[in-house]
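Undergrad: One structure follows; several queries about it will come next.
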Amino acid sequence: MATQSESSLSETRIAGFGWLSVTLLFGGVLLVYYIVPVGSLFLSVPPTEVLGRMNSPIIVDAAKTSVLSASISTLIATIFGLPLAYWLARADGAAQTAVLGIVVLPLVLPPVVGGIVLLTVFGSGSPLGEAAIAAGFPLTRSLAGVILAQTFVASPFLVVTAKVAFERVDQTLEYASRSLGKSRWHTARRVTIPLAVPGIVAGVTLTFARAIGEFGATMMLAYYPRTMPVQIWVSFIELGLENAYPVAILLVGIAGVTLLVINIIASNPWE
Amino acid sequence: MTLNLSDLSKTHGQFKFGPFDLRVEDGVLAVLGPSGSGKTTLLSLIAGITEPDSGSICLNGRELVGHPLENRDVGMVFQEGALFPHMTARENIAYAATTAARVGELAATLEIEDILDRSPPVLSGGEYQRVALARTLATDPAVLLLDEPLSSLDTPIRRRLRDELHSLFESLDIPILYVTHDQRTATALGDRIAIVRDGMLEQVGDSSTVVEQPATEFVARFTGNENLFEGSVIEHSEQGVTVRVGNVELQTATSNIGQSDITVCIHPSRVEIKPSRAPDDEQIINTITGTVIRWLNEGSEYQIEMATSWGSPALTASVHPPVFERLTIDTGTELQIMIPPSSIHLMPNRG
């Protein structure tokens with residue numbers, strides 16, 4: 001005859017098994033839903049054929065444009081985003097909430113809408129757009145347009161992730177540094193930023209990944225020069241799905257490298 | 001060096017600190033108070049982590065309010081040490097020191113030469129705080145603030161480091177504010193003690209005065225004195241005031257007190273006990289009989305709670321172990337209790 005404690009233990013085990021079963025069942029379905037399409041993409045076309053198509057000048061140009069524009073937009077996001085992230089991490093009150101809301105706005109805005117929003121400011125019909133065209137530096141249908149679109153959509157990733165990284169740095173360490181006679185800037189350079197680096201690297205990596213994959217806003221603002229996502233779209237519309245695979249596989253590869261960077265040299269912001 | 005705080009106040013949400021006036025000369029002022037009393041706020045205001053709503057903080061005549069903390073020349077050892085975790089112990093000290101020789105000198109003083117190349121996370125609690133102190137002293141501050149640096153340490157390490165700090169503080173000719181909630185640490189380290197309660201200064205004075213002549217019941221209780229009894233003044237004489245507690249009359253050395261309803265305060269360490277029926281007890285004034293209700297071994301001393309002829313509450317005496325063992329005390333033991341007139345402190349009864 002089972003004692004009361006044995007009985008409750010077995011109930012706990014059953015309940016635990018049940019709970020695990022539910023999570024595995026529902027979570028597993030979702031995991032399969034993530035993995036199967038990505039695996040299917042790689043199996044759809046023989047690797048030799050993919051490699052062969054990647055030598056196409058159109059794809060090489062799209063890759064160059066994407067890497068260059070994403071690098072520049074990530075740099076811009078880092079330069080302008082880190083101070084804002086630090087302020088958001090240390091401030092509180094209504095102003096902080098309001099500013100954080102503004103930062104997150106491009107994340108929740110559909111990218112195509114983001115593109116339209118940008119066109120009202122940088123489009124050829126806007127005063128700024130007209131002035132830029134007159135100066136020989138058009139802000140649409142140009143590399144500048146691609147960078148503007150990517151920065152708008154991707155920079156919030158930098159700000160939000162770096163904010164979390166700065167929040168994890170104990171403010172007492174900053175007070176300690178300053179009480180030792182060191183300035184705010186010296187403290188930031190020697191204490192705050194080194195301790196926040198893993199989180200900042202995660203933010204930079206995520207921003208780059210989001211920028212290089214940006215499609216909606218870029219389509220609206222700068223159809224040319226073509227980035228990889230735009231090239232995928234064009235290949236799909238003009239030549240069919242199979243012609244979109246090589247660039248799609250390249251982008252999946254970049255996403256994989258991003259995940260590796262985050263888990264190896266940076267701190268995973270979602271851990 | 002003189003640190004002068006005048007009319008200092010700060011409101012933080014529901015908590016109101018001050019107005020606070022305090023003058024700190026060279027030597028150690030132990031700031032003692034319960035959690036949430038404003039001890040850390042006091043240090044934050046002096047260090048410049050928080051700016052006051054009003055008031056002044058002067059260091060040798062130089063106003064500190066409005067100056068950023070890096071320009072105040074105030075060193076602070078934080079409660080958890082706040083060592084930079086990405087630097088070794090040596091790098092932490094070198095961060096503040098102007099020369100490598102200074103790092104070596106401080107390491108020798110604080111006996112941390114062997115651990116200089118270790119990272120803060122692998123240091124023991126005592127080592128961690130020694131490095132934190134060395135780092136703060138590396139700047140040769142004009143004022144040293146310590147925010148409960150021993151509170152997270154185990155008792156043996158805490159005692160050892162407390163003794164070492166005492167020696168170190170004697171070699172520093174600067175004002176030192178040592179915040180603690182532990183009365184023993186305060187009396188061991190402080191030349192003077194400031195008692196803080198609800199953001200206000202309750203009493204400041206030398207250690208023995210604060211402990212044996214508390215200004216308020218709060219100070220008495222917080223410094224470990226539970227012997228507080230309501231009484232009344234029955235006579236003023238040349239020897240001092242005579243008071244009645246219950247049905248017992250006690251002769252005090254207090255020359256004058258302007259109120260008839262008073263609180264009688266007797267520090268447990270000043271209560272003398274002897275076995276009952278000692279032949280020469282009849283002649284000693286302020287001698288009463290007590291019966292042990294309970295006793296407690298607190299390591300370095302015993303607390304003996306006794307029922308006396310003046311009724312409740314019970315009277316507590318603290319005695320050293322040899323005395324306790326000689327008297328073979330246990331629950332129910334009858335004792336003669338002698339209270340020297342000079343050990344009786346009278347406070348106005350605030351109701």
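Ordering of the structure tokens sets the chain letters (A, B, ...), residue numbers begin anew at 1 in every chain, and ligands are numbered from 1 in the order given.
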Taking only C-alpha atoms into account, which residues of chain A are within 6 Å of chain B, as a ChimeraX atom specification?
TA: /A:173,178-182
Undergrad: Produce a file of the selected residues containing C-alpha atoms, as a compact mmCIF listing (two decimals), in the first residue's frame.
TA:
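The result, written out as out.txt:
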# COMPACT_ATOMS: atom_id res chain seq x y z
CA LEU A 173 30.24 50.84 -10.16
CA ARG A 178 33.48 58.85 -10.17
CA SER A 179 34.11 58.98 -6.42
CA LEU A 180 37.69 57.98 -7.31
CA GLY A 181 37.96 61.26 -9.20
CA LYS A 182 37.21 59.95 -12.69
Undergrad: List the neighbours of segment 204-214 of chain A out to 7 Å using only C-alpha atoms; skip same-chain residues closer than 4 positions along the sequence, and give me the result as a list in words.
TA: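 So, after excluding close chain neighbours, the residues are Ser66, Val67, Ala70, Ser71, Thr74, Thr78, Gln150, Ala154, Ser155, Phe157, Leu158, Ile200, Thr218, Pro229, Ala255 and Thr258 of chain A.
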Undergrad: Check the smallest atom-to-atom distance from each of B:Pro120, B:Gly190, B:Pro348, B:Pro175 to Pro214 of chain B using only C-alpha atoms, then report the winner.
TA: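 Smallest distance to Pro214 of chain B is found for B:Pro348.
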Undergrad: Pick out each residue of segment 46-199 of chain A that DSSP on the backbone tags as helix (DSSP H, G or I); I need them as a ChimeraX atom specification.
TA: /A:47-54,57-90,94-108,111-122,127-134,143-167,171-179,184-199
Undergrad: Find the spatial neighbours of segment 18-31 of chain B, counting only C-alpha atoms, within a cut-off of 8 Å - ignore same-chain residues fewer than 2 positions away - and output them as a ChimeraX atom specification.
TA: /B:1-10,16,33,39,55,169-170,172-180,186-187,189-196,199-201
Undergrad: So that I can check the surroundings of Val65 of chain B, please list as a list of chain:residue names every protein, DNA and RNA residue that reaches within 7 Å of it, counting only C-alpha atoms and ignoring chain neighbours fewer than 2 positions away.
TA: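 The neighbour list is B:Glu51, B:Ser56, B:Ile57, B:Glu63, B:His67.
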Undergrad: Let's have the selection written as an mmCIF file, in the first residue's frame, with C-alpha atoms.
TA:
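And here's result01.cif as it stands now:
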data_model
loop_
_atom_site.group_PDB
_atom_site.id
_atom_site.type_symbol
_atom_site.label_atom_id
_atom_site.label_comp_id
_atom_site.auth_asym_id
_atom_site.auth_seq_id
_atom_site.Cartn_x
_atom_site.Cartn_y
_atom_site.Cartn_z
ATOM 1 C CA GLU B 51 22.030 66.330 -4.430
ATOM 2 C CA SER B 56 25.054 72.972 2.860
ATOM 3 C CA ILE B 57 27.980 70.523 2.984
ATOM 4 C CA GLU B 63 31.035 74.101 -0.351
ATOM 5 C CA HIS B 67 29.941 69.868 -7.359
#
